[in-house]
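To keep things clear, I will list the structure first and then write my remarks on it.
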Amino acid sequence: MATAVGNDHATLLDRPPRAALEVDLATGPASSFAGLRRLIAALGEVGASFGDLADRYPTEWAHLTRPGDDTRAALADLALPASERRLHRESEQTFRVLSVAAAAVCRGSQDLGKPVVLRGVGCTDLASLRGVVRAREYAAATGVGRLSVPAADAVRVWRPLAEAADTREERARSLRALGIEVRPAGLQVMPGSAPTPADRAGDARLFAVVMDRSADPVERLGAALAYCRAAFYSTNWEGMAAVAAVTLPLAARLTPPELKRLVAAGSGPDARLGIEADDQAIEFEPALLRLPGDVRAYLQKILGIQASLRGRHDEALGWFRQMRRLTGSVSGELRAQSHLYAALTLTKRQHRIADAVAELEAGFDVARPRHGEPVSMRRERGWLHNLRGLTYFGAGGLLPALEQERQALTCVEGLTDPSSVHLRVNLVSNVSVLQETAGKPMQALRTWNRFRQEFPGADARFAKHHAYRAGALLVQAGEVDAGLGRVTESLHWCVRTADDFHEFEIRAELGTLALVRERRAEAVEHFAAASRAGSRLGDPYRMALAAVGSAAAAGGSTDVGTAACARHSTTQLDRAAALLAGCGAGADPVSLLPRLRTKLNRPFDMINI
């Protein structure tokens, strides 16, 4: 029996069709995208060409077909990662890789002229499982490719490597998005754990070292630190949790000589374990590991971060508070971070503002200014001031919030390390937002333009965000033509870097603004371009938005049929339903379409793991 999940291009089958290509994705949690890489390689081996994907998205394609440190660095130049200091799980880097992978799977099936049967979906890495959901959406929305997932096979999962690494909730949620009605308790746990990967390159090599119980404990801990850093940037929450949990007992027994050897192995030009700092690894700093309890606190932070990013906030709070338990054996910076991350969880995730403020005050006690203190402690104090400012802002206290942001800027004055630069970027942005909230868009713009002075050599990632906000603030201040010029500059960077997601967002917003200004020819052009970007993404909801905008710009009907594609969305159900309901009720189409905002930051909701 086959259960339809969208159209005949995406189905769940108990029996795969004849002449189908069957691929086993049961790669385990060691490396993000491992299942998708295996699938794309299998398609290529039997003749799939994948169209123009390799030419249009060379960095993402390289990441999927020949991963390595060079492709990670190139991807970091194009797109933003998740943010550990804000406990922000959305990753533009992961989004871009998964979007290209989804297109590749569907185009590969079309090239072969046969369905692709995906086996072992429940036993693949989480990123690849989310990629299968994206591929299902792409096929349903565009009609390209035929995919099938045997339902009885998909509900089988590996036994978790640690309690903290139990991802059955996430797996069941993704399987339900594929149309398989299963809850975590209904998943069939395999008798054994996922096998150690045969591929010993990159993350898989580090994972194998960590899981080798006969290996030297210091080598295992060094591999764990390197692995957790890499896993964070590839959104491998399961791998992070497993590795941190498995090595936590080793950290508890670490002696001072072993700690010295561990740090030495991870720093300098001849580092063998790869835990040296780099421009991307902002908060993964071996230099903070000075005291016997530091490695243990560090791994507890890792466990708290992955729990928070998975929405397990009580668990995250517990891990963050454990970081400070070994009084006298944990460096001041890590104890300050313990309070900071606990406060972040309380204020951003649980809305317990008074408890968050108490955590911050305790953090300030730890990070109190001292003569001869290291710059790393100044930086931690800056992060505490930043979050204290945000708590004031949440309570409506704009002036106290601004004062805290200014104190934070003083803390990192003159510092040029990656973490301090990261904080300064946050602070300048936050001050600009506070000024905007106070009804002073031009003052907010002047603050925002400080980025141009402080980071004159900034890359495309920065340029598109900076130009968009600068333009939107000008529009807000009434300088519409000048503002649209800057927004168009942001659009240029999106096109130049094949950033389909943000190109769609900007095109759709400019189309709506053109409709409001009764410039229909412009609106037609923008929504047509938005439609093309949405189709490249294979996003049913955005394709439906573009269809509604195009119809409105042309003076045509915007009934339910216009937005029919939205029915195929599995990850934006509420927004898709609202769009369909609005069209059905005869709402003014302008009220259904996106408006220009003042920040380009958007949740990459199609791949929220």
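Identifiers for the structure tokens are assigned positionally: chains receive A, B, ... in sequence, residues are indexed from 1 per chain, and ligands are indexed from 1 in the order shown.
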
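The set of residues in segment 110-207 of chain A assigned to strand (DSSP E or B) by DSSP, using only backbone atoms of this structure, is Val116, Val117, Leu118, Arg119, Leu147, Ser148, Arg156, Val157, Gln188 and Val189 of chain A.
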
Point to revise | Contact residues around segment 373-379 of chain A with only C-alpha atoms at 9 Å, ignoring same-chain residues under 2 positions, as a ChimeraX atom specification | key: /A:288,332-333,336,367-371,381-384,408,411-412,415,419-420,423

Point to revise | Who sits within 7 Å of Ala102 of chain A, only C-alpha atoms, same chain under 6 positions skipped, as a list in words | key: Gly131, Val132, Arg134, Ala135 and Tyr138 of chain A

Can I get the selection written as a PDB file, in the first residue's frame, with N, CA and C atoms?
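File again_30.pdb, as written:
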ATOM      1  N   GLY A 131      17.228  16.933   5.155  1.00  0.00           N
ATOM      2  CA  GLY A 131      17.381  17.121   3.723  1.00  0.00           C
ATOM      3  C   GLY A 131      16.394  16.300   2.924  1.00  0.00           C
ATOM      4  N   VAL A 132      16.052  15.121   3.420  1.00  0.00           N
ATOM      5  CA  VAL A 132      15.040  14.292   2.751  1.00  0.00           C
ATOM      6  C   VAL A 132      13.681  15.001   2.791  1.00  0.00           C
ATOM      7  N   ARG A 134      13.279  18.234   2.888  1.00  0.00           N
ATOM      8  CA  ARG A 134      13.380  19.299   1.887  1.00  0.00           C
ATOM      9  C   ARG A 134      13.197  18.757   0.477  1.00  0.00           C
ATOM     10  N   ALA A 135      13.772  17.590   0.206  1.00  0.00           N
ATOM     11  CA  ALA A 135      13.632  16.989  -1.123  1.00  0.00           C
ATOM     12  C   ALA A 135      12.175  16.631  -1.397  1.00  0.00           C
ATOM     13  N   TYR A 138      10.492  19.820  -2.311  1.00  0.00           N
ATOM     14  CA  TYR A 138      10.938  20.254  -3.636  1.00  0.00           C
ATOM     15  C   TYR A 138      10.196  19.466  -4.713  1.00  0.00           C
TER      16      TYR A 138
END

Study note, to complete from the structure: Restricting to only C-alpha atoms, whichever of A:Phe451, A:Trp237, A:Tyr298, A:Tyr392 is closest to Arg312 of chain A is A:Trp237

Practice item. Give me the residues within 6 Å of segment 513-527 of chain A as a list in words, counting only C-alpha atoms and dropping any in the same chain fewer than 2 places off. Key: Arg507, Ala508, Leu510, Gly511, Ala529, Ala530, Ser531, Ala546, Gly549, Ser550 and Ala553 of chain A

**Study point:** His465 of chain A surroundings by only C-alpha atoms, 7 Å radius, close-in-sequence under 3 positions cut, as a list of chain:residue names
**Key:** A:Arg461, A:Phe462, A:Tyr468, A:Arg469, A:Ser490, A:Leu600

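Shortest atom-to-atom contact with Asp559 of chain A among A:Asp574, A:Glu22, A:Asp588, A:Asp417: A:Asp588, counting only C-alpha atoms.
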
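The gap separating atom CA of His385 of chain A from atom CA of Ala401 of chain A is 9.1 Å, in Å to one decimal.
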
Practice item. Show which residues sit within 12 Å of Leu129 of chain A, as number ranges by chain. Count only C-alpha atoms, and ignore same-chain residues fewer than 2 positions away. Key: A: 25-29, 32-37, 39, 98, 101-102, 118-127, 131-136, 149, 154, 157, 167, 170-178, 236, 607-609

**Study point:** Residues flagged helix (DSSP H, G or I) by DSSP in segment 401-551 of chain A, as number ranges by chain
**Key:** A: 401-411, 418-437, 441-448, 450-454, 460-476, 480-496, 500-516, 520-537, 540-551

Practice item. State, in Å with one decimal place, the distance from atom CA of Asp355 of chain A to atom CA of Ala297 of chain A. Key: 21.7 Å
